[in-house]
file structure04.cif (mmCIF, C-alpha atoms)
data_my_file
loop_
_atom_site.label_atom_id
_atom_site.label_comp_id
_atom_site.auth_asym_id
_atom_site.auth_seq_id
_atom_site.Cartn_x
_atom_site.Cartn_y
_atom_site.Cartn_z
CA MET Z 191 83.86 -6.41 239.68
CA THR Z 192 83.80 -3.07 241.46
CA GLN Z 193 85.09 -2.63 245.01
CA ARG Z 194 81.54 -1.83 246.20
CA MET Z 195 80.18 -5.05 244.68
CA ALA Z 196 82.97 -7.07 246.29
CA GLN Z 197 82.22 -5.52 249.70
CA THR Z 198 78.50 -6.25 249.27
CA MET Z 199 79.21 -9.90 248.49
CA THR Z 200 81.24 -10.28 251.70
CA ARG Z 201 78.43 -8.93 253.87
CA THR Z 202 76.55 -11.92 255.28
CA MET Z 203 74.31 -12.45 258.30
CA ALA Z 204 76.12 -14.46 260.97
CA ARG Z 205 75.39 -15.42 264.56
CA TYR Z 206 78.06 -14.95 267.21
CA PHE Z 207 78.42 -16.25 270.73
CA ILE Z 208 80.09 -13.85 273.18
CA THR Z 209 81.28 -15.04 276.60
CA ILE Z 210 81.84 -12.57 279.41
CA SER Z 211 82.62 -12.45 283.12
CA PHE Z 212 81.35 -9.78 285.45
CA ASP Z 213 81.33 -8.56 289.01
CA GLY Z 214 77.64 -7.94 289.64
CA THR Z 215 78.05 -5.72 292.70
CA ARG Z 216 76.91 -2.47 291.08
CA TYR Z 217 74.46 -3.94 288.56
CA HIS Z 218 70.75 -4.70 288.75
CA GLY Z 219 71.36 -8.11 287.23
CA TRP Z 220 72.01 -9.13 283.65
CA GLN Z 221 68.79 -8.28 281.84
CA ILE Z 222 67.86 -4.74 280.83
CA GLN Z 223 65.25 -3.15 283.09
CA PRO Z 224 63.97 0.38 283.67
CA ASN Z 225 65.01 0.82 287.32
CA GLY Z 226 68.79 0.48 287.16
CA ILE Z 227 71.93 -0.20 285.17
CA THR Z 228 72.43 -3.81 284.00
CA VAL Z 229 75.25 -5.81 282.45
CA GLN Z 230 73.32 -6.38 279.22
CA GLN Z 231 72.74 -2.64 278.85
CA VAL Z 232 76.43 -1.78 279.28
CA LEU Z 233 77.55 -4.51 276.87
CA GLU Z 234 75.04 -3.48 274.19
CA GLU Z 235 76.03 0.17 274.49
CA CYS Z 236 79.72 -0.65 274.02
CA MET Z 237 79.03 -2.95 271.07
CA THR Z 238 76.83 -0.28 269.47
CA THR Z 239 79.65 2.24 269.81
CA LEU Z 240 82.23 -0.06 268.21
CA LEU Z 241 80.07 -1.48 265.42
CA ARG Z 242 78.27 1.79 264.67
CA GLN Z 243 74.82 0.27 264.58
CA GLU Z 244 72.36 -0.55 267.34
CA MET Z 245 73.23 -3.95 268.78
CA HIS Z 246 71.14 -6.33 270.85
CA VAL Z 247 72.36 -9.46 272.64
CA THR Z 248 70.39 -12.38 274.05
CA GLY Z 249 71.79 -13.87 277.26
CA ALA Z 250 71.79 -17.43 278.54
CA GLY Z 251 69.48 -16.38 281.35
CA ARG Z 252 68.80 -13.78 284.00
CA THR Z 253 70.86 -13.08 287.07
CA ASP Z 254 69.55 -11.17 290.08
CA ALA Z 255 70.95 -7.84 291.22
CA GLY Z 256 74.36 -8.32 292.82
CA VAL Z 257 74.98 -11.81 291.42
CA HIS Z 258 78.34 -12.39 289.72
CA ALA Z 259 79.26 -14.49 286.69
CA ARG Z 260 82.45 -16.34 285.89
CA VAL Z 261 80.76 -17.34 282.63
CA MET Z 262 77.82 -15.65 280.96
CA THR Z 263 77.12 -16.46 277.32
CA ALA Z 264 75.05 -14.35 274.93
CA HIS Z 265 74.41 -14.37 271.21
CA PHE Z 266 73.88 -11.66 268.63
CA ASP Z 267 73.35 -11.51 264.88
CA TRP Z 268 75.64 -9.39 262.71
CA ASP Z 269 74.81 -8.40 259.15
CA GLY Z 270 78.12 -7.22 257.79
CA GLU Z 271 81.66 -8.19 256.98
CA PRO Z 272 82.92 -11.01 259.23
CA LEU Z 273 84.13 -9.68 262.53
CA ASP Z 274 87.79 -9.91 263.49
CA CYS Z 275 87.03 -11.70 266.77
CA PRO Z 276 90.39 -11.22 268.57
CA GLN Z 277 90.38 -7.55 267.64
CA MET Z 278 86.76 -7.16 268.73
CA ILE Z 279 87.53 -8.77 272.10
CA TYR Z 280 90.47 -6.40 272.57
CA ARG Z 281 88.49 -3.30 271.64
CA LEU Z 282 85.49 -4.24 273.79
CA ASN Z 283 87.68 -4.87 276.82
CA ARG Z 284 89.27 -1.45 276.35
CA LEU Z 285 85.83 0.16 276.28
CA LEU Z 286 83.98 -1.84 278.92
CA PRO Z 287 84.26 -0.92 282.63
CA SER Z 288 86.73 -2.87 284.74
CA ASP Z 289 84.00 -5.07 286.28
CA ILE Z 290 83.01 -6.64 282.92
CA ALA Z 291 85.39 -8.66 280.74
CA VAL Z 292 84.92 -10.33 277.36
CA ASN Z 293 86.63 -13.73 277.29
CA ASP Z 294 85.58 -15.22 273.96
CA LEU Z 295 83.81 -14.37 270.71
CA HIS Z 296 83.15 -16.78 267.86
CA THR Z 297 80.64 -17.63 265.15
CA VAL Z 298 78.05 -20.36 265.67
CA SER Z 299 75.36 -21.95 263.51
CA ASP Z 300 72.17 -19.99 262.99
CA ASP Z 301 70.14 -22.39 265.14
CA MET Z 302 72.31 -21.94 268.22
CA HIS Z 303 70.61 -19.92 270.96
CA ALA Z 304 72.36 -18.66 274.09
CA ARG Z 305 69.39 -19.52 276.27
CA PHE Z 306 67.49 -22.34 274.63
CA SER Z 307 70.51 -24.33 273.40
CA ALA Z 308 72.07 -24.48 276.88
CA LYS Z 309 71.94 -27.99 278.35
CA TRP Z 310 73.32 -27.39 281.83
CA ARG Z 311 74.00 -24.39 284.03
CA THR Z 312 76.15 -24.43 287.17
CA TYR Z 313 76.08 -21.98 290.07
CA HIS Z 314 78.40 -21.69 293.07
CA TYR Z 315 77.38 -20.21 296.40
CA TYR Z 316 80.18 -19.31 298.83
CA VAL Z 317 80.12 -19.37 302.65
CA HIS Z 318 82.85 -18.59 305.19
CA THR Z 319 82.65 -19.12 308.95
CA HIS Z 320 85.41 -16.79 310.19
CA LYS Z 321 85.65 -13.05 309.58
CA ASN Z 322 87.65 -12.37 306.44
CA PRO Z 323 87.72 -8.82 305.01
CA PHE Z 324 88.81 -10.13 301.58
CA LEU Z 325 85.68 -12.27 301.22
CA ARG Z 326 83.10 -9.77 302.40
CA ASN Z 327 81.83 -9.00 298.87
CA ARG Z 328 82.12 -12.54 297.50
CA SER Z 329 80.93 -14.87 300.24
CA LEU Z 330 78.33 -15.17 302.99
CA GLU Z 331 79.85 -14.68 306.43
CA THR Z 332 78.18 -16.77 309.11
CA TYR Z 333 79.29 -17.71 312.61
CA TYR Z 334 76.83 -20.56 313.01
CA HIS Z 335 78.21 -24.05 313.23
CA LEU Z 336 76.83 -25.71 310.09
CA ASP Z 337 76.46 -29.46 309.65
CA PHE Z 338 77.74 -29.67 306.08
CA GLU Z 339 77.52 -33.46 306.08
CA LEU Z 340 73.80 -33.20 306.71
CA MET Z 341 73.49 -30.42 304.15
CA ASN Z 342 75.11 -32.69 301.57
CA LYS Z 343 72.50 -35.33 302.30
CA ALA Z 344 69.90 -32.70 301.48
CA GLY Z 345 71.72 -31.89 298.25
CA GLU Z 346 71.65 -35.56 297.22
CA LEU Z 347 67.95 -35.65 298.11
CA LEU Z 348 67.26 -32.70 295.82
CA THR Z 349 68.65 -34.57 292.80
CA ARG Z 350 65.80 -37.06 293.21
CA HIS Z 351 63.14 -34.35 292.92
CA LYS Z 352 61.79 -32.52 289.89
CA ASP Z 353 59.43 -29.83 291.23
CA PHE Z 354 61.19 -26.92 292.95
CA ALA Z 355 58.22 -24.63 293.59
CA ALA Z 356 59.31 -24.35 297.24
CA PHE Z 357 62.41 -22.45 296.10
CA CYS Z 358 60.80 -20.20 293.50
CA LYS Z 359 60.33 -16.54 294.34
CA ALA Z 360 56.69 -15.74 295.05
CA GLY Z 361 55.04 -14.03 292.11
CA ALA Z 362 57.67 -15.15 289.60
CA ALA Z 363 56.22 -15.60 286.12
CA SER Z 364 57.47 -19.17 285.67
CA LYS Z 365 55.37 -21.37 283.37
CA THR Z 366 56.65 -24.44 285.19
CA THR Z 367 58.62 -25.14 288.35
CA ILE Z 368 59.99 -28.43 287.01
CA CYS Z 369 63.78 -28.61 286.79
CA GLU Z 370 66.28 -31.42 286.28
CA LEU Z 371 68.89 -31.03 289.00
CA ARG Z 372 71.99 -33.12 288.25
CA GLU Z 373 74.24 -32.22 291.19
CA CYS Z 374 74.03 -30.30 294.46
CA LYS Z 375 76.80 -30.56 297.02
CA TRP Z 376 78.96 -28.57 299.43
CA ILE Z 377 82.73 -28.55 298.93
CA ARG Z 378 85.26 -27.44 301.54
CA THR Z 379 88.17 -25.30 300.37
CA SER Z 380 89.76 -24.41 303.75
CA ASP Z 381 89.09 -24.71 307.47
CA SER Z 382 86.53 -21.90 307.27
CA GLU Z 383 85.47 -21.72 303.61
CA TRP Z 384 82.90 -23.74 301.69
CA TYR Z 385 80.89 -23.45 298.51
CA MET Z 386 77.81 -25.16 297.18
CA THR Z 387 77.92 -26.23 293.56
CA VAL Z 388 74.58 -26.90 291.89
CA THR Z 389 73.96 -27.94 288.29
CA ALA Z 390 70.58 -28.08 286.56
CA ASN Z 391 69.06 -27.72 283.11
CA ARG Z 392 67.28 -24.57 284.29
CA PHE Z 393 66.86 -22.49 287.44
CA LEU Z 394 63.87 -20.67 288.85
CA ARG Z 395 64.07 -17.11 290.09
CA ASN Z 396 65.93 -16.99 293.44
CA MET Z 397 66.10 -20.81 293.43
CA VAL Z 398 69.75 -21.22 294.45
CA ARG Z 399 69.62 -18.58 297.17
CA ALA Z 400 66.43 -20.12 298.59
CA ILE Z 401 67.98 -23.60 298.58
CA VAL Z 402 70.98 -22.24 300.47
CA GLY Z 403 68.73 -20.50 303.01
CA THR Z 404 66.80 -23.71 303.64
CA MET Z 405 69.99 -25.77 303.85
CA ILE Z 406 71.37 -23.36 306.45
CA MET Z 407 68.25 -24.01 308.55
CA LEU Z 408 69.05 -27.71 308.21
CA GLY Z 409 72.75 -27.19 308.91
CA ARG Z 410 71.88 -25.33 312.11
CA HIS Z 411 69.55 -28.21 313.09
CA ILE Z 412 66.54 -25.91 313.10
CA ILE Z 413 64.82 -28.43 310.84
CA THR Z 414 65.45 -32.13 310.23
CA LEU Z 415 66.24 -33.81 306.93
CA GLU Z 416 62.70 -35.19 306.91
CA GLN Z 417 61.29 -31.69 307.38
CA PHE Z 418 63.56 -30.46 304.59
CA GLU Z 419 62.05 -33.02 302.23
CA ASP Z 420 58.54 -32.12 303.40
CA ILE Z 421 59.28 -28.50 302.41
CA VAL Z 422 60.28 -29.68 298.92
CA ASN Z 423 57.23 -31.91 298.59
CA ASN Z 424 54.75 -29.27 299.81
CA GLY Z 425 56.04 -26.75 297.29
CA SER Z 426 55.28 -23.68 299.42
CA ARG Z 427 57.86 -20.90 299.29
CA SER Z 428 56.74 -19.62 302.70
CA ASN Z 429 57.89 -22.87 304.35
CA ALA Z 430 61.41 -22.73 302.93
CA GLY Z 431 64.30 -20.67 304.25
CA GLU Z 432 65.03 -17.05 303.48
CA SER Z 433 66.78 -16.05 300.26
CA MET Z 434 70.47 -15.63 301.02
CA PRO Z 435 72.43 -12.53 299.89
CA ALA Z 436 73.21 -12.28 296.18
CA LYS Z 437 76.87 -11.25 296.67
CA ALA Z 438 77.96 -14.85 297.34
CA LEU Z 439 76.34 -16.32 294.21
CA PHE Z 440 78.24 -16.92 290.96
CA LEU Z 441 76.99 -18.20 287.64
CA TRP Z 442 79.90 -20.55 287.16
CA ASP Z 443 79.49 -22.44 283.92
CA ILE Z 444 77.13 -23.11 280.98
CA VAL Z 445 77.30 -26.25 278.87
CA TYR Z 446 75.93 -26.41 275.32
#
call {"tool": "encode", "arguments": {"input": "structure04.cif", "output": "structure tokens"}}
result
Amino acid sequence: MTQRMAQTMTRTMARYFITISFDGTRYHGWQIQPNGITVQQVLEECMTTLLRQEMHVTGAGRTDAGVHARVMTAHFDWDGEPLDCPQMIYRLNRLLPSDIAVNDLHTVSDDMHARFSAKWRTYHYYVHTHKNPFLRNRSLETYYHLDFELMNKAGELLTRHKDFAAFCKAGAASKTTICELRECKWIRTSDSEWYMTVTANRFLRNMVRAIVGTMIMLGRHIITLEQFEDIVNNGSRSNAGESMPAKALFLWDIVY
């Protein structure tokens, strides 16, 4: 058998999952778009450089401009000799900018899909109530006294609902506004720092930031818990709170 024939026999199509983290401050979200640089674009360009063929990756979902990710999973198909995953991780991290890091790379079955195979996604939204220069790009600074106990009652209430149209960005091209929300609660990490953790099978565009904005209205006692539930039931985005800044939102975990 010639060396060329042996090399040809080792070339097989395989699907890989790649897991990255990124600071979304300077990016227009994950997904490629014409009006600004995105995380997907930068990752694909670096992979294309290393693998010497045009590469495309499919992410677990979109993130808005400025949103961060502790975990973002994507898949790609590779028709060639099996990749040396540890070496590929090392080389990608040398080439990628400092605000994007590759954490894992491994083969998966052909039917695994970064988006459609995901069962649960978790986001965190961070809030601090005293000025802190080290949190200014990672957390929402607010000086309002917030009733987090009441806000947690709202979070529990949300887990009993299925339709989240009230928290979907107007004009979003969502085929359905039905989501299964498994958990939504606020957790205190210090005297002045909190975060909301929310887990669902899917999220609508701007959904988490709109939920936070409406909960802050509740936490400030601008609306009651009954009015909060009326907002959910009515399904009108105009009745809900404003969308909170993206800088405090993290895609935290994805379960397959």
call {"tool": "residues_around", "arguments": {"input": "structure04.cif", "residues": "Ser288 in chain Z", "least_positions_apart": "4", "cutoff": "12 Å", "atoms": "all atoms listed in the file", "output": "number ranges by chain"}}
result
Z: 211-214, 216, 232, 282-284, 292
call {"tool": "closest_atom_pairs", "arguments": {"input": "structure04.cif", "of": "range 290-390 of chain Z", "to": "range 428-440 of chain Z", "cutoff": "8 Å", "atoms": "all atoms listed in the file", "output": "CSV"}}
result
residue,atom,partner,partner_atom,distance
Z:Tyr313,CA,Z:Phe440,CA,5.6
Z:His314,CA,Z:Phe440,CA,5.2
Z:Tyr315,CA,Z:Leu439,CA,4.6
Z:Tyr316,CA,Z:Ala438,CA,5.2
Z:Val317,CA,Z:Ala438,CA,7.3
Z:Asn327,CA,Z:Lys437,CA,5.9
Z:Arg328,CA,Z:Ala438,CA,4.8
Z:Ser329,CA,Z:Ala438,CA,4.2
Z:Leu330,CA,Z:Ala438,CA,5.7
Z:Ala356,CA,Z:Ala430,CA,6.3
Z:Phe357,CA,Z:Ala430,CA,6.9
call {"tool": "residues_around", "arguments": {"input": "structure04.cif", "residues": "Cys374 in chain Z", "least_positions_apart": "4", "cutoff": "10 Å", "atoms": "only C-alpha atoms", "output": "ChimeraX atom specification"}}
result
/Z:312-314,341-349,386-390,401
call {"tool": "closest_residue", "arguments": {"input": "structure04.cif", "among": "Z:Asn396, Z:Asp337, Z:Asn424, Z:Trp442", "to": "His411 in chain Z", "atoms": "all atoms listed in the file"}}
result
Z:Asp337
call {"tool": "residues_around", "arguments": {"input": "structure04.cif", "residues": "Ile210 in chain Z", "least_positions_apart": "6", "cutoff": "12 Å", "atoms": "only C-alpha atoms", "output": "compact mmCIF listing (two decimals) with C-alpha atoms, in the coordinates of the input"}}
result
# COMPACT_ATOMS: atom_id res chain seq x y z
CA TRP Z 220 72.01 -9.13 283.65
CA VAL Z 229 75.25 -5.81 282.45
CA GLN Z 230 73.32 -6.38 279.22
CA LEU Z 233 77.55 -4.51 276.87
CA GLY Z 249 71.79 -13.87 277.26
CA ALA Z 250 71.79 -17.43 278.54
CA HIS Z 258 78.34 -12.39 289.72
CA ALA Z 259 79.26 -14.49 286.69
CA ARG Z 260 82.45 -16.34 285.89
CA VAL Z 261 80.76 -17.34 282.63
CA MET Z 262 77.82 -15.65 280.96
CA THR Z 263 77.12 -16.46 277.32
CA ALA Z 264 75.05 -14.35 274.93
CA HIS Z 265 74.41 -14.37 271.21
CA ILE Z 279 87.53 -8.77 272.10
CA LEU Z 282 85.49 -4.24 273.79
CA ASN Z 283 87.68 -4.87 276.82
CA LEU Z 286 83.98 -1.84 278.92
CA ASP Z 289 84.00 -5.07 286.28
CA ILE Z 290 83.01 -6.64 282.92
CA ALA Z 291 85.39 -8.66 280.74
CA VAL Z 292 84.92 -10.33 277.36
CA ASN Z 293 86.63 -13.73 277.29
CA ASP Z 294 85.58 -15.22 273.96
CA LEU Z 295 83.81 -14.37 270.71
CA LEU Z 441 76.99 -18.20 287.64
CA TRP Z 442 79.90 -20.55 287.16
CA ASP Z 443 79.49 -22.44 283.92
CA ILE Z 444 77.13 -23.11 280.98
call {"tool": "resolve_selection", "arguments": {"input": "structure04.cif", "expression": "the PyMOL selection byres ((chain Z and resi 368-372) around 7)", "output": "PyMOL selection string"}}
result
chain Z and resi 349+352-354+366-367+373+389-393
call {"tool": "atom_distance", "arguments": {"input": "structure04.cif", "atom1": "CA of Arg311 in chain Z", "atom2": "CA of Pro323 in chain Z"}}
result
29.5 Å
call {"tool": "closest_residue", "arguments": {"input": "structure04.cif", "among": "Z:Gln243, Z:Thr209, Z:Ser307, Z:Thr253", "to": "Arg395 in chain Z", "atoms": "all atoms listed in the file"}}
result
Z:Thr253
call {"tool": "atom_distance", "arguments": {"input": "structure04.cif", "atom1": "CA of Arg410 in chain Z", "atom2": "CA of Leu336 in chain Z"}}
result
5.4 Å
call {"tool": "closest_residue", "arguments": {"input": "structure04.cif", "among": "Z:Val257, Z:His351, Z:Asn423, Z:Phe418", "to": "Thr215 in chain Z", "atoms": "all atoms listed in the file"}}
result
Z:Val257
call {"tool": "atom_distance", "arguments": {"input": "structure04.cif", "atom1": "CA of Pro276 in chain Z", "atom2": "CA of Thr202 in chain Z"}}
result
19.2 Å
call {"tool": "closest_residue", "arguments": {"input": "structure04.cif", "among": "Z:Met407, Z:Glu331, Z:Leu325, Z:Glu271", "to": "Ile421 in chain Z", "atoms": "all atoms listed in the file"}}
result
Z:Met407
call {"tool": "axis_aligned_box", "arguments": {"input": "structure04.cif", "around": "range 292-302 of chain Z", "padding_each_side": "3 Å", "output": "AutoDock Vina command-line options"}}
result
--center_x 78.4 --center_y -16.4 --center_z 270.2 --size_x 22.5 --size_y 18.1 --size_z 20.4
call {"tool": "closest_residue", "arguments": {"input": "structure04.cif", "among": "Z:Leu394, Z:Met302, Z:Cys358, Z:Val402", "to": "Tyr446 in chain Z", "atoms": "only C-alpha atoms"}}
result
Z:Met302
call {"tool": "closest_residue", "arguments": {"input": "structure04.cif", "among": "Z:Leu415, Z:His218, Z:Lys359, Z:His320", "to": "Glu383 in chain Z", "atoms": "all atoms listed in the file"}}
result
Z:His320
call {"tool": "resolve_selection", "arguments": {"input": "structure04.cif", "expression": "the PyMOL selection byres ((chain Z and resi 222) around 12)", "output": "list in words"}}
result
Tyr217, His218, Gly219, Trp220, Gln221, Gln223, Pro224, Asn225, Gly226, Ile227, Thr228, Val229, Gln230, Gln231, Val232, Leu233, Glu234, Glu235, His246, Val247, Thr248, Gly249, Gly251, Arg252, Thr253, Asp254 and Ala255 of chain Z
